file run_39.pdb (PDB, C-alpha atoms)
ATOM      1  CA  MET A   1      25.685  40.906  20.399
ATOM      2  CA  THR A   2      28.569  43.180  21.405
ATOM      3  CA  ASN A   3      29.667  43.335  24.999
ATOM      4  CA  ASP A   4      32.244  45.746  26.501
ATOM      5  CA  ARG A   5      35.302  45.609  24.162
ATOM      6  CA  LEU A   6      33.872  42.946  21.801
ATOM      7  CA  LYS A   7      32.941  44.455  18.418
ATOM      8  CA  LYS A   8      32.782  41.659  15.854
ATOM      9  CA  VAL A   9      32.637  37.858  15.592
ATOM     10  CA  ILE A  10      33.444  37.090  11.949
ATOM     11  CA  LEU A  11      33.390  33.858   9.920
ATOM     12  CA  PHE A  12      36.360  33.483   7.550
ATOM     13  CA  TYR A  13      36.933  30.841   4.886
ATOM     14  CA  ARG A  14      39.485  29.810   2.293
ATOM     15  CA  GLU A  15      39.711  27.008  -0.235
ATOM     16  CA  LEU A  16      42.002  24.210   0.891
ATOM     17  CA  GLY A  17      45.540  25.094  -0.163
ATOM     18  CA  ASP A  18      44.949  28.853  -0.403
ATOM     19  CA  LEU A  19      46.709  31.358   1.875
ATOM     20  CA  HIS A  20      44.195  34.200   1.664
ATOM     21  CA  TRP A  21      41.172  34.247   3.978
ATOM     22  CA  SER A  22      37.833  35.670   2.759
ATOM     23  CA  THR A  23      34.968  36.984   4.844
ATOM     24  CA  ALA A  24      31.765  34.930   4.663
ATOM     25  CA  ARG A  25      28.638  36.793   3.559
ATOM     26  CA  THR A  26      24.964  36.488   4.393
ATOM     27  CA  GLU A  27      21.834  38.199   3.148
ATOM     28  CA  VAL A  28      19.514  40.377   5.251
ATOM     29  CA  GLU A  29      16.795  42.900   4.521
ATOM     30  CA  ASP A  30      17.698  46.590   4.668
ATOM     31  CA  ASP A  31      15.454  49.352   6.011
ATOM     32  CA  ASP A  32      13.502  49.355   2.742
ATOM     33  CA  GLY A  33      12.882  45.590   2.913
ATOM     34  CA  LYS A  34      15.319  44.825   0.086
ATOM     35  CA  PRO A  35      17.857  41.990   0.390
ATOM     36  CA  THR A  36      21.405  43.164   0.926
ATOM     37  CA  SER A  37      24.695  41.325   1.376
ATOM     38  CA  VAL A  38      26.524  41.730   4.687
ATOM     39  CA  GLU A  39      29.362  39.902   6.402
ATOM     40  CA  VAL A  40      28.619  36.962   8.684
ATOM     41  CA  ASP A  41      29.077  38.743  12.010
ATOM     42  CA  PHE A  42      27.626  36.900  14.986
ATOM     43  CA  ALA A  43      27.872  40.075  17.083
ATOM     44  CA  ALA A  44      25.928  42.302  14.667
ATOM     45  CA  ASN A  45      22.442  43.549  15.429
ATOM     46  CA  TYR A  46      21.064  41.452  12.527
ATOM     47  CA  ALA A  47      22.287  38.237  14.186
ATOM     48  CA  GLU A  48      19.578  36.354  16.086
ATOM     49  CA  GLU A  49      20.460  34.920  19.466
ATOM     50  CA  SER A  50      18.502  31.964  20.865
ATOM     51  CA  SER A  51      17.121  31.763  24.382
ATOM     52  CA  TYR A  52      20.090  29.516  25.197
ATOM     53  CA  GLY A  53      22.590  32.198  24.205
ATOM     54  CA  TYR A  54      23.616  30.675  20.861
ATOM     55  CA  THR A  55      23.720  32.688  17.641
ATOM     56  CA  SER A  56      23.376  31.091  14.220
ATOM     57  CA  MET A  57      23.477  32.652  10.779
ATOM     58  CA  LYS A  58      23.073  31.439   7.211
ATOM     59  CA  TRP A  59      26.217  31.550   5.093
ATOM     60  CA  LYS A  60      25.281  32.607   1.541
ATOM     61  CA  LEU A  61      26.986  30.157  -0.793
ATOM     62  CA  ALA A  62      25.081  30.135  -4.111
ATOM     63  CA  ASN A  63      26.784  32.490  -6.625
ATOM     64  CA  PHE A  64      29.254  33.538  -3.910
ATOM     65  CA  VAL A  65      31.322  30.459  -3.105
ATOM     66  CA  SER A  66      32.283  27.706  -5.547
ATOM     67  CA  GLU A  67      31.908  24.046  -4.619
ATOM     68  CA  GLY A  68      35.025  22.455  -3.160
ATOM     69  CA  THR A  69      36.897  21.689   0.055
ATOM     70  CA  TYR A  70      37.326  24.636   2.402
ATOM     71  CA  GLU A  71      38.799  25.640   5.757
ATOM     72  CA  ILE A  72      36.867  27.915   8.091
ATOM     73  CA  LYS A  73      37.569  29.752  11.325
ATOM     74  CA  ILE A  74      35.950  32.346  13.607
ATOM     75  CA  GLU A  75      37.805  35.468  14.724
ATOM     76  CA  THR A  76      36.736  38.127  17.195
ATOM     77  CA  LYS A  77      37.712  41.784  16.978
ATOM     78  CA  CYS A  78      37.811  44.014  20.033
ATOM     79  CA  ASP A  79      38.559  47.644  20.879
ATOM     80  CA  GLN A  80      42.307  48.121  20.798
ATOM     81  CA  LEU A  81      44.100  48.699  24.080
ATOM     82  CA  GLY A  82      47.376  49.717  22.484
ATOM     83  CA  GLY A  83      49.235  46.567  23.459
ATOM     84  CA  PRO A  84      50.208  43.484  21.420
ATOM     85  CA  PRO A  85      47.722  42.664  18.628
ATOM     86  CA  ASP A  86      46.850  39.264  20.074
ATOM     87  CA  ILE A  87      45.201  40.794  23.142
ATOM     88  CA  ASP A  88      42.652  42.549  20.889
ATOM     89  CA  MET A  89      41.431  39.432  19.057
ATOM     90  CA  PHE A  90      40.798  35.716  19.416
ATOM     91  CA  GLY A  91      40.723  33.028  16.722
ATOM     92  CA  THR A  92      39.278  29.526  16.851
ATOM     93  CA  SER A  93      41.066  26.476  15.546
ATOM     94  CA  ILE A  94      40.656  25.802  11.804
ATOM     95  CA  ILE A  95      38.245  23.122  10.653
ATOM     96  CA  SER A  96      37.716  21.821   7.116
ATOM     97  CA  GLY A  97      34.674  20.668   5.204
ATOM     98  CA  VAL A  98      33.129  20.293   1.763
ATOM     99  CA  ILE A  99      30.742  22.691   0.044
ATOM    100  CA  ASP A 100      28.535  20.618  -2.258
ATOM    101  CA  LEU A 101      25.332  22.183  -3.563
ATOM    102  CA  THR A 102      24.725  19.725  -6.411
ATOM    103  CA  LEU A 103      21.833  17.291  -5.995
ATOM    104  CA  PRO A 104      22.345  13.693  -7.118
ATOM    105  CA  GLU A 105      20.459  12.635 -10.247
ATOM    106  CA  GLN A 106      19.811   9.397 -12.065
ATOM    107  CA  TYR A 107      22.452   8.811 -14.751
ATOM    108  CA  GLY A 108      20.907   7.245 -17.842
ATOM    109  CA  GLN A 109      18.246   4.548 -17.734
ATOM    110  CA  ALA A 110      17.955   1.637 -15.336
ATOM    111  CA  LEU A 111      20.044  -1.354 -16.386
ATOM    112  CA  PRO A 112      19.662  -3.680 -18.188
ATOM    113  CA  LEU A 113      18.278  -1.446 -20.928
ATOM    114  CA  HIS A 114      15.896  -4.041 -22.366
ATOM    115  CA  ASP A 115      12.346  -4.056 -21.017
ATOM    116  CA  THR A 116      12.170  -7.789 -20.238
ATOM    117  CA  VAL A 117      14.268  -9.315 -17.444
ATOM    118  CA  LEU A 118      14.614 -12.714 -15.844
ATOM    119  CA  LEU A 119      13.397 -13.359 -12.327
ATOM    120  CA  GLY A 120      16.486 -12.961 -10.127
ATOM    121  CA  GLU A 121      18.343 -10.822 -12.670
ATOM    122  CA  GLU A 122      20.107  -7.801 -11.153
ATOM    123  CA  LEU A 123      18.660  -4.365 -11.860
ATOM    124  CA  VAL A 124      21.008  -1.382 -11.501
ATOM    125  CA  VAL A 125      20.375   2.358 -11.223
ATOM    126  CA  VAL A 126      23.427   4.592 -11.704
ATOM    127  CA  PHE A 127      23.666   8.143 -10.322
ATOM    128  CA  THR A 128      25.739  11.200 -11.199
ATOM    129  CA  GLU A 129      27.845  11.121  -8.017
ATOM    130  CA  PRO A 130      28.796   8.783  -5.149
ATOM    131  CA  LEU A 131      25.958   7.962  -2.754
ATOM    132  CA  ARG A 132      25.691   7.605   0.991
ATOM    133  CA  CYS A 133      25.807   3.805   1.109
ATOM    134  CA  GLU A 134      26.408   3.057   4.790
ATOM    135  CA  LYS A 135      23.983   0.602   6.344
ATOM    136  CA  PRO A 136      21.211   0.923   7.239
ATOM    137  CA  PHE A 137      20.488   2.373   3.807
ATOM    138  CA  THR A 138      18.915   5.834   3.783
ATOM    139  CA  PHE A 139      16.543   5.181   0.870
ATOM    140  CA  ASP A 140      13.282   3.298   0.434
ATOM    141  CA  LEU A 141      12.935   0.753  -2.369
ATOM    142  CA  GLN A 142       9.642  -0.803  -3.389
ATOM    143  CA  ILE A 143       8.681  -3.260  -6.118
ATOM    144  CA  ILE A 144       5.057  -4.031  -7.020
ATOM    145  CA  ILE A 145       4.247  -6.884  -9.410
ATOM    146  CA  GLU A 146       1.078  -5.905 -11.220
ATOM    147  CA  GLY A 147      -1.819  -8.328 -11.304
ATOM    148  CA  THR A 148      -0.586 -10.111  -8.159
ATOM    149  CA  ASN A 149      -0.470  -9.493  -4.415
ATOM    150  CA  TYR A 150       3.324  -9.299  -4.443
ATOM    151  CA  ARG A 151       4.741  -6.067  -3.000
ATOM    152  CA  PHE A 152       8.377  -6.024  -1.856
ATOM    153  CA  ASP A 153      10.108  -3.427   0.299
ATOM    154  CA  ARG A 154      13.869  -2.970   0.602
ATOM    155  CA  GLU A 155      14.163  -5.430   3.492
ATOM    156  CA  GLU A 156      12.586  -8.182   1.348
ATOM    157  CA  LEU A 157      14.938  -7.670  -1.595
ATOM    158  CA  GLN A 158      18.622  -8.283  -2.175
ATOM    159  CA  VAL A 159      20.056  -4.750  -2.341
ATOM    160  CA  VAL A 160      23.601  -3.497  -2.947
ATOM    161  CA  CYS A 161      24.704   0.154  -2.726
ATOM    162  CA  GLU A 162      28.227   0.842  -3.969
ATOM    163  CA  GLY A 163      29.731   4.116  -5.142
ATOM    164  CA  ARG A 164      27.382   5.631  -7.716
ATOM    165  CA  LYS A 165      25.033   2.677  -8.095
ATOM    166  CA  VAL A 166      22.146   0.901  -6.396
ATOM    167  CA  GLY A 167      21.705  -2.709  -7.488
ATOM    168  CA  PHE A 168      18.917  -5.068  -6.464
ATOM    169  CA  GLN A 169      17.064  -8.187  -7.471
ATOM    170  CA  ILE A 170      13.851  -9.999  -6.663
ATOM    171  CA  ASP A 171      15.030 -13.041  -4.731
ATOM    172  CA  PRO A 172      13.197 -16.034  -6.245
ATOM    173  CA  THR A 173      13.968 -18.149  -3.154
ATOM    174  CA  VAL A 174      11.801 -16.152  -0.713
ATOM    175  CA  GLY A 175       8.596 -17.999  -1.556
ATOM    176  CA  ILE A 176       7.501 -16.466  -4.853
ATOM    177  CA  ASP A 177       5.168 -18.520  -7.016
ATOM    178  CA  VAL A 178       7.209 -18.352 -10.218
ATOM    179  CA  GLU A 179       4.315 -19.485 -12.369
ATOM    180  CA  GLN A 180       2.175 -16.621 -11.081
ATOM    181  CA  VAL A 181       4.667 -13.820 -11.797
ATOM    182  CA  ILE A 182       6.325 -14.718 -15.106
ATOM    183  CA  GLY A 183       5.168 -12.441 -17.898
ATOM    184  CA  LYS A 184       3.961  -9.816 -15.385
ATOM    185  CA  THR A 185       4.959  -6.147 -15.405
ATOM    186  CA  PHE A 186       6.486  -4.762 -12.211
ATOM    187  CA  THR A 187       7.115  -1.183 -11.083
ATOM    188  CA  VAL A 188      10.130   0.043  -9.128
ATOM    189  CA  GLU A 189      10.356   3.162  -6.945
ATOM    190  CA  ILE A 190      13.498   4.296  -5.091
ATOM    191  CA  GLY A 191      13.858   7.304  -2.791
ATOM    192  CA  LYS A 192      11.210   8.538  -0.382
ATOM    193  CA  VAL A 193       8.275   6.137  -0.686
ATOM    194  CA  GLY A 194       5.175   7.228   1.234
ATOM    195  CA  VAL A 195       4.250  10.647   2.610
ATOM    196  CA  ASP A 196       5.442   9.805   6.124
ATOM    197  CA  SER A 197       8.816   8.408   5.070
ATOM    198  CA  LEU A 198      11.979  10.190   6.222
ATOM    199  CA  SER A 199      14.157   8.228   3.815
ATOM    200  CA  ASN A 200      15.739   9.376   0.568
ATOM    201  CA  ILE A 201      18.697   8.911  -1.774
ATOM    202  CA  PHE A 202      21.561  11.071  -0.498
ATOM    203  CA  ASP A 203      24.938  11.766  -2.057
ATOM    204  CA  ALA A 204      28.093  11.379   0.019
ATOM    205  CA  ASN A 205      27.736  14.957   1.311
ATOM    206  CA  GLY A 206      24.085  14.690   2.335
ATOM    207  CA  ASN A 207      22.270  16.229  -0.640
ATOM    208  CA  SER A 208      19.019  14.421  -1.383
ATOM    209  CA  ILE A 209      17.648  13.569  -4.815
ATOM    210  CA  GLU A 210      14.852  15.882  -5.965
ATOM    211  CA  ASN A 211      12.509  13.240  -7.416
ATOM    212  CA  ASN A 212      12.131   9.518  -6.794
ATOM    213  CA  VAL A 213      13.520   7.076  -9.338
ATOM    214  CA  LYS A 214      10.617   5.236 -11.007
ATOM    215  CA  PHE A 215      10.544   2.710 -13.821
ATOM    216  CA  SER A 216       8.790  -0.452 -14.996
ATOM    217  CA  LYS A 217       9.970  -3.717 -16.530
ATOM    218  CA  THR A 218       8.446  -7.087 -17.380
ATOM    219  CA  LEU A 219       9.429 -10.521 -16.096
ATOM    220  CA  ALA A 220      10.234 -12.741 -19.056
ATOM    221  CA  ASN A 221       7.477 -15.188 -19.988
ATOM    222  CA  ILE A 222       9.854 -18.114 -20.135
ATOM    223  CA  ASN A 223       9.291 -21.836 -20.475
ATOM    224  CA  LEU A 224       9.449 -23.619 -17.129
ATOM    225  CA  ASP A 225       9.675 -27.000 -18.872
ATOM    226  CA  GLU A 226      13.049 -25.993 -20.328
ATOM    227  CA  ALA A 227      14.493 -24.413 -17.179
ATOM    228  CA  SER A 228      17.436 -25.486 -15.063
ATOM    229  CA  SER A 229      17.891 -24.585 -11.384
ATOM    230  CA  LEU A 230      21.306 -24.172  -9.772
ATOM    231  CA  PHE A 231      21.961 -23.908  -6.028
ATOM    232  CA  LYS A 232      24.435 -24.811  -3.291
ATOM    233  CA  PHE A 233      23.615 -27.998  -1.342
ATOM    234  CA  THR A 234      25.059 -28.537   2.147
ATOM    235  CA  LEU A 235      25.126 -31.606   4.375
ATOM    236  CA  GLU A 236      26.053 -30.755   7.965
ATOM    237  CA  ASP A 237      27.315 -32.942  10.826
ATOM    238  CA  ILE A 238      28.853 -35.539   8.542
ATOM    239  CA  GLU A 239      32.448 -36.680   8.981
ATOM    240  CA  CYS A 240      34.552 -36.062   5.895
ATOM    241  CA  SER A 241      38.041 -35.378   4.612
ATOM    242  CA  ASP A 242      39.539 -34.254   1.318
ATOM    243  CA  ASP A 243      40.539 -37.868   0.625
ATOM    244  CA  THR A 244      37.134 -39.411   1.299
ATOM    245  CA  VAL A 245      34.619 -36.733   0.329
ATOM    246  CA  GLY A 246      34.496 -37.872  -3.315
ATOM    247  CA  ALA A 247      33.103 -41.231  -2.270
ATOM    248  CA  LEU A 248      30.056 -39.491  -0.800
ATOM    249  CA  ALA A 249      28.784 -38.311  -4.201
ATOM    250  CA  ASP A 250      26.412 -41.259  -4.642
ATOM    251  CA  GLU A 251      25.098 -40.798  -1.099
ATOM    252  CA  VAL A 252      24.426 -37.108  -1.703
ATOM    253  CA  MET A 253      22.709 -37.911  -5.004
ATOM    254  CA  GLU A 254      20.483 -40.496  -3.312
ATOM    255  CA  LYS A 255      19.690 -38.039  -0.513
ATOM    256  CA  ILE A 256      18.529 -35.372  -2.973
ATOM    257  CA  MET A 257      16.477 -37.847  -4.993
ATOM    258  CA  LEU A 258      14.862 -39.149  -1.800
ATOM    259  CA  LEU A 259      13.945 -35.640  -0.660
ATOM    260  CA  LEU A 260      12.487 -34.859  -4.076
ATOM    261  CA  GLU A 261      10.726 -38.234  -4.286
ATOM    262  CA  LEU A 262      12.278 -38.949  -7.689
ATOM    263  CA  ASP A 263      12.749 -42.440  -9.052
ATOM    264  CA  ALA A 264      15.925 -43.887 -10.545
ATOM    265  CA  SER A 265      14.936 -42.923 -14.085
ATOM    266  CA  ASP A 266      15.290 -39.225 -13.128
ATOM    267  CA  ASN A 267      18.871 -39.423 -11.846
ATOM    268  CA  ASN A 268      20.155 -37.823 -15.055
ATOM    269  CA  ARG A 269      18.321 -34.625 -14.066
ATOM    270  CA  ILE A 270      20.657 -34.033 -11.109
ATOM    271  CA  VAL A 271      24.230 -32.880 -11.768
ATOM    272  CA  LEU A 272      26.701 -32.331  -8.918
ATOM    273  CA  THR A 273      30.000 -30.469  -8.977
ATOM    274  CA  PRO A 274      32.925 -32.207  -7.184
ATOM    275  CA  LEU A 275      32.090 -32.437  -3.474
ATOM    276  CA  ARG A 276      34.066 -30.373  -0.979
ATOM    277  CA  CYS A 277      34.761 -31.110   2.686
ATOM    278  CA  GLU A 278      34.662 -28.092   4.971
ATOM    279  CA  ASN A 279      35.906 -28.128   8.574
ATOM    280  CA  GLY A 280      35.846 -31.921   8.598
ATOM    281  CA  ASN A 281      32.111 -32.096   9.268
ATOM    282  CA  MET A 282      30.313 -30.416   6.376
ATOM    283  CA  VAL A 283      29.971 -31.460   2.726
ATOM    284  CA  THR A 284      29.046 -28.911   0.051
ATOM    285  CA  THR A 285      28.367 -29.144  -3.681
ATOM    286  CA  THR A 286      26.664 -27.093  -6.363
ATOM    287  CA  VAL A 287      23.573 -28.864  -7.674
ATOM    288  CA  THR A 288      21.984 -28.323 -11.068
ATOM    289  CA  LEU A 289      18.434 -29.578 -11.581
ATOM    290  CA  LEU A 290      17.902 -30.135 -15.288
ATOM    291  CA  PRO A 291      14.572 -29.968 -17.159
ATOM    292  CA  PRO A 292      12.245 -32.981 -17.444
ATOM    293  CA  SER A 293      13.238 -35.586 -20.074
ATOM    294  CA  THR A 294      16.656 -33.972 -20.285
ATOM    295  CA  ASN A 295      19.542 -35.601 -22.064
ATOM    296  CA  GLY A 296      22.011 -33.854 -19.747
ATOM    297  CA  GLY A 297      22.483 -30.894 -22.062
ATOM    298  CA  GLY A 298      20.697 -28.476 -19.752
ATOM    299  CA  GLY A 299      18.025 -25.901 -20.434
ATOM    300  CA  ARG A 300      17.697 -22.205 -19.862
ATOM    301  CA  SER A 301      14.206 -20.763 -19.946
ATOM    302  CA  LEU A 302      10.759 -21.330 -18.406
ATOM    303  CA  ARG A 303       6.881 -21.517 -19.147
ATOM    304  CA  ALA A 304       3.779 -21.499 -16.970
ATOM    305  CA  ALA A 305       3.172 -25.213 -16.439
ATOM    306  CA  SER A 306       4.263 -26.925 -13.245
ATOM    307  CA  LEU A 307       4.054 -30.380 -14.793
ATOM    308  CA  SER A 308       4.951 -31.749 -18.203
ATOM    309  CA  PHE A 309       4.491 -35.084 -19.989
ATOM    310  CA  THR A 310       7.595 -37.103 -20.674
ATOM    311  CA  ALA A 311       7.884 -39.343 -23.731
ATOM    312  CA  ASN A 312       6.380 -42.310 -21.884
ATOM    313  CA  GLY A 313       3.407 -40.283 -20.612
ATOM    314  CA  ILE A 314       4.535 -39.917 -16.962
ATOM    315  CA  MET A 315       4.019 -36.514 -15.377
ATOM    316  CA  ALA A 316       7.353 -34.844 -14.445
ATOM    317  CA  GLN A 317       7.913 -31.745 -12.325
ATOM    318  CA  HIS A 318       9.922 -28.865 -13.764
ATOM    319  CA  SER A 319      13.173 -27.887 -12.041
ATOM    320  CA  ILE A 320      11.774 -24.736 -10.389
ATOM    321  CA  SER A 321       9.096 -26.820  -8.679
ATOM    322  CA  LEU A 322      11.737 -29.292  -7.498
ATOM    323  CA  PHE A 323      13.897 -26.501  -6.140
ATOM    324  CA  ASN A 324      10.957 -24.962  -4.254
ATOM    325  CA  LYS A 325      10.285 -28.368  -2.734
ATOM    326  CA  LEU A 326      13.858 -28.619  -1.471
ATOM    327  CA  ARG A 327      13.725 -25.076  -0.170
ATOM    328  CA  ASP A 328      10.537 -25.751   1.779
ATOM    329  CA  LEU A 329      12.007 -28.948   3.271
ATOM    330  CA  SER A 330      15.094 -27.060   4.469
ATOM    331  CA  GLN A 331      13.103 -24.440   6.392
TER     332      GLN A 331
END

call {"tool": "encode", "arguments": {"input": "run_39.pdb", "output": "structure tokens"}}
result
Amino acid sequence: MTNDRLKKVILFYRELGDLHWSTARTEVEDDDGKPTSVEVDFAANYAEESSYGYTSMKWKLANFVSEGTYEIKIETKCDQLGGPPDIDMFGTSIISGVIDLTLPEQYGQALPLHDTVLLGEELVVVFTEPLRCEKPFTFDLQIIIEGTNYRFDREELQVVCEGRKVGFQIDPTVGIDVEQVIGKTFTVEIGKVGVDSLSNIFDANGNSIENNVKFSKTLANINLDEASSLFKFTLEDIECSDDTVGALADEVMEKIMLLLELDASDNNRIVLTPLRCENGNMVTTTVTLLPPSTNGGGGRSLRAASLSFTANGIMAQHSISLFNKLRDLSQ
């Protein structure tokens, strides 16, 4: 409101790089109740002042101001005293910001495009503009595997947010019964999940997506008896050096076979990459568990049987079962 010499408190703006300042506009109702455009004047009688003495007004942007980077400032205008111009006005320092009225949207379909995916395969959703990806993430993410009790929230999944994409995968090492989920359909929902959630997908300037991203896919019904498992194996608190670590390969192999309770006839199912010594007290290698009755050529896909008969009639565990056994022993 005006006081003594103070007449106006006006918001000015200009696009970054321009020299000319424009007066910001707002919309109020006239005496007939019709909307009319007026300048953003914090001292006008249509400005509302809070009980704390602060005045706020809405700056009308849609159809008035294009999206882009702008500079803004506030200037006051007072009754002239006839002296230098600067004693009849005051201007704030200039600040800059971005006007972005466009909501983010999903760009195309979730990747990969095919309906059937492998357990542990990355799923990616791409959006039309860069997202707010700082941690903690602002969005909810939920996966439900139909016909099972498995329901995963964002914290239980491996999630990556980079630029315009959100990528995630169901981590098969968290205790999932692979045999129970293969061949099952699962649904994905990203955004604001649940009526009480305050989360959402936001672009870099804070605009939220209008509707949640939802889609379904199916976990491939693959043959467990033909599957290989690959993982990193670490032995800690063991003295080693680059010159001697290679000699530990047989010891590591025996250790793995002992943990898995395999006999000597199964040693061709375990393949190690060259061992590495780290920090002089830790040995690491990448282990591949090959399918039962393998000839060393490997295998790639799975089926729903935890045991299979070898040629001599002995029951042999598939590689996923062996990996789960190692995982449980390490916890």

call {"tool": "residues_around", "arguments": {"input": "run_39.pdb", "residues": "region 67-77 of chain A", "least_positions_apart": "5", "cutoff": "6 Å", "atoms": "only C-alpha atoms", "output": "list in words"}}
result
Lys7, Lys8, Val9, Ile10, Leu11, Phe12, Tyr13, Arg14, Glu15, Leu16, Met89, Phe90, Gly91, Thr92, Ile94, Ile95, Ser96, Gly97, Val98, Ile99 and Asp100 of chain A

call {"tool": "atom_distance", "arguments": {"input": "run_39.pdb", "atom1": "CA of Gly120 (chain A)", "atom2": "CA of Arg151 (chain A)"}}
result
15.4 Å

call {"tool": "resolve_selection", "arguments": {"input": "run_39.pdb", "expression": "the PyMOL selection byres ((chain A and resi 107-110) around 6)", "output": "short mmCIF file (atom, residue, chain, number, x, y, z; two decimals) with C-alpha atoms, in the frame of the given file"}}
result
data_model
loop_
_atom_site.label_atom_id
_atom_site.label_comp_id
_atom_site.auth_asym_id
_atom_site.auth_seq_id
_atom_site.Cartn_x
_atom_site.Cartn_y
_atom_site.Cartn_z
CA GLN A 106 19.81 9.40 -12.06
CA LEU A 111 20.04 -1.35 -16.39
CA VAL A 124 21.01 -1.38 -11.50
CA VAL A 125 20.38 2.36 -11.22
CA VAL A 126 23.43 4.59 -11.70
CA PHE A 127 23.67 8.14 -10.32
CA THR A 128 25.74 11.20 -11.20
#

call {"tool": "closest_residue", "arguments": {"input": "run_39.pdb", "among": "A:Ile144, A:Val271, A:Ile209, A:Leu198", "to": "Glu129 (chain A)", "atoms": "only C-alpha atoms"}}
result
A:Ile209

call {"tool": "resolve_selection", "arguments": {"input": "run_39.pdb", "expression": "the PyMOL selection byres ((chain A and resi 143) around 7)", "output": "ChimeraX atom specification"}}
result
/A:141-142,144-145,151-153,186-189

call {"tool": "write_last_selection", "arguments": {"input": "run_39.pdb", "atoms": "C-alpha atoms", "output": "compact mmCIF listing (two decimals), in the coordinates of the input"}}
result
# COMPACT_ATOMS: atom_id res chain seq x y z
CA LEU A 141 12.94 0.75 -2.37
CA GLN A 142 9.64 -0.80 -3.39
CA ILE A 144 5.06 -4.03 -7.02
CA ILE A 145 4.25 -6.88 -9.41
CA ARG A 151 4.74 -6.07 -3.00
CA PHE A 152 8.38 -6.02 -1.86
CA ASP A 153 10.11 -3.43 0.30
CA PHE A 186 6.49 -4.76 -12.21
CA THR A 187 7.12 -1.18 -11.08
CA VAL A 188 10.13 0.04 -9.13
CA GLU A 189 10.36 3.16 -6.94

call {"tool": "closest_residue", "arguments": {"input": "run_39.pdb", "among": "A:Ala204, A:Ile320, A:Val159, A:Leu259", "to": "Thr102 (chain A)", "atoms": "only C-alpha atoms"}}
result
A:Ala204

call {"tool": "resolve_selection", "arguments": {"input": "run_39.pdb", "expression": "the PyMOL selection byres ((chain A and resi 48-56) around 12)", "output": "list of chain:residue names"}}
result
A:Met1, A:Thr2, A:Val9, A:Ile10, A:Leu11, A:Thr26, A:Val28, A:Val40, A:Asp41, A:Phe42, A:Ala43, A:Ala44, A:Asn45, A:Tyr46, A:Ala47, A:Met57, A:Lys58, A:Trp59

call {"tool": "closest_residue", "arguments": {"input": "run_39.pdb", "among": "A:Gln180, A:Ser321, A:Asn212, A:Ser265", "to": "Gly194 (chain A)", "atoms": "all atoms listed in the file"}}
result
A:Asn212

call {"tool": "residues_around", "arguments": {"input": "run_39.pdb", "residues": "Val178 (chain A)", "least_positions_apart": "6", "cutoff": "12 Å", "atoms": "only C-alpha atoms", "output": "VMD selection string"}}
result
chain A and resid 118 to 120 145 148 150 170 to 172 184 219 to 224 227 302 to 306 318 to 321 323 to 324

call {"tool": "atom_distance", "arguments": {"input": "run_39.pdb", "atom1": "CA of Val65 (chain A)", "atom2": "CA of Asn207 (chain A)"}}
result
17.0 Å

call {"tool": "atom_distance", "arguments": {"input": "run_39.pdb", "atom1": "CA of Leu235 (chain A)", "atom2": "CA of Asn281 (chain A)"}}
result
8.5 Å

call {"tool": "residues_around", "arguments": {"input": "run_39.pdb", "residues": "Leu289 (chain A)", "least_positions_apart": "3", "cutoff": "7 Å", "atoms": "only C-alpha atoms", "output": "list in words"}}
result
Ser228, Ser229, Leu230, Arg269, Ile270, Val271 and Ser319 of chain A

call {"tool": "write_last_selection", "arguments": {"input": "run_39.pdb", "atoms": "C-alpha atoms", "output": "short mmCIF file (atom, residue, chain, number, x, y, z; two decimals), in the frame of the given file"}}
result
data_model
loop_
_atom_site.label_atom_id
_atom_site.label_comp_id
_atom_site.auth_asym_id
_atom_site.auth_seq_id
_atom_site.Cartn_x
_atom_site.Cartn_y
_atom_site.Cartn_z
CA SER A 228 17.44 -25.49 -15.06
CA SER A 229 17.89 -24.58 -11.38
CA LEU A 230 21.31 -24.17 -9.77
CA ARG A 269 18.32 -34.62 -14.07
CA ILE A 270 20.66 -34.03 -11.11
CA VAL A 271 24.23 -32.88 -11.77
CA SER A 319 13.17 -27.89 -12.04
#

call {"tool": "closest_residue", "arguments": {"input": "run_39.pdb", "among": "A:Ser93, A:Asn267, A:Asn279, A:Thr138", "to": "Asp242 (chain A)", "atoms": "all atoms listed in the file"}}
result
A:Asn279

call {"tool": "residues_near_point", "arguments": {"input": "run_39.pdb", "point": "(30.3, 2.6, -1.8)", "cutoff": "8 Å", "atoms": "all atoms listed in the file", "output": "VMD selection string"}}
result
chain A and resid 130 to 134 161 to 164

call {"tool": "closest_atom_pairs", "arguments": {"input": "run_39.pdb", "of": "region 24-133 of chain A", "to": "region 213-218 of chain A", "cutoff": "7 Å", "atoms": "only C-alpha atoms", "output": "CSV"}}
result
residue,atom,partner,partner_atom,distance
A:Asp115,CA,A:Lys217,CA,5.1
A:Thr116,CA,A:Thr218,CA,4.7
A:Val117,CA,A:Thr218,CA,6.2

call {"tool": "decode", "arguments": {"input": "run_39.pdb", "residues": "region 193-197 of chain A", "atoms": "N, CA and C atoms", "output": "tab-separated table (two decimals), in the first residue's frame"}}
result
chain	number	residue	atom	x	y	z
A	193	VAL	N	2.93	-42.51	-6.13
A	193	VAL	CA	2.26	-43.78	-5.88
A	193	VAL	C	1.62	-43.74	-4.50
A	194	GLY	N	0.30	-43.81	-4.46
A	194	GLY	CA	-0.42	-43.72	-3.19
A	194	GLY	C	-0.98	-42.33	-2.97
A	195	VAL	N	-2.18	-42.26	-2.40
A	195	VAL	CA	-2.87	-40.97	-2.25
A	195	VAL	C	-2.15	-40.03	-1.29
A	196	ASP	N	-1.40	-40.58	-0.35
A	196	ASP	CA	-0.73	-39.75	0.65
A	196	ASP	C	0.70	-39.38	0.25
A	197	SER	N	1.15	-39.86	-0.89
A	197	SER	CA	2.53	-39.59	-1.30
A	197	SER	C	2.71	-38.14	-1.72
